[in-house]
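Chemist: Below: one structure in structure tokens.
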Amino acid sequence: MEIVGKIVQVLPAQEGVSKSTGNPWKIQSYILETLEQYPRKVCFEIFGEDRIKNNPCEIDQIVTVSFDIESREFNGRWYTSIRAWRVQPQAQSAEPMTGNVQTFDAAASQDDGTDLPF
């Protein structure tokens with residue numbers, strides 16, 4: 001799954017050592033705010049030091065987050081995590097949105113002789 005939004009907060013990283021294997025682990029959580037009319041905030045995490053380094057996130061950065069959702073039960077309670085496996089920064093256009101729309105409308109209004117069904 002994917003979600004697009006702006007990074008509004010970077011939470012403190014958590015680290016530890018696995019009890020079962022003895023391997024170190026690291027997890028970094030971020031708060032993303034969607035770009036919809038009624039924005040929603042979503043907390044997602046990146047697990048693993050390599051993935052954290054390969055997917056840097058900065059506050060106010062617009063990103064597309066590819067993620068998996070998983071729920072686990074512990075002591076009769078359910079916990080859900082949104083674990084990102086890729087974070088891609090969005091290209092910041094120097095052109096305002098209205099310029100792009102006007103260009104599209106001008107191109108769409110030209111009659112090239114094709115009869116499209118829509």
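By order of appearance in the structure tokens: chains A, B, ..., then residues from 1 within every chain, and ligands from 1 in the order shown.
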Just want the 12 Å neighbourhood of range 10-23 of chain A, counted on only C-alpha atoms, with same-chain residues fewer than 3 positions away dropped. Output as a ChimeraX atom specification.
Modeler: /A:6-7,26-32,42-49,52,56-61
Chemist: Enter the distance from CA of Pro39 in chain A to CA of Gly5 in chain A, in Å, rounded to one decimal.
Modeler: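 Here the two named atoms are 8.9 Å from each other.
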Chemist: Give me the residues near Ser71 in chain A as JSON, numbers by chain, where near means some atom within 8 Å (using only C-alpha atoms) and where sequence neighbours in that chain fewer than 3 positions away do not count.
Modeler: {"A": [78, 79, 80, 81]}
Chemist: Using CA of Ser66 in chain A and CA of Ile3 in chain A as the two end points, give the distance in Å to one decimal.
Modeler: 6.8 Å
Chemist: Using only C-alpha atoms, can you tell me which of A:Leu35, A:Val8, A:Ile69, A:Val63 comes closest to Val87 in chain A?
Modeler: A:Val63
Chemist: Calculated over only C-alpha atoms, which of the candidates A:Gln90, A:Asn55, A:Thr64, A:Gln37 has the smallest distance to Val4 in chain A?
Modeler: A:Thr64
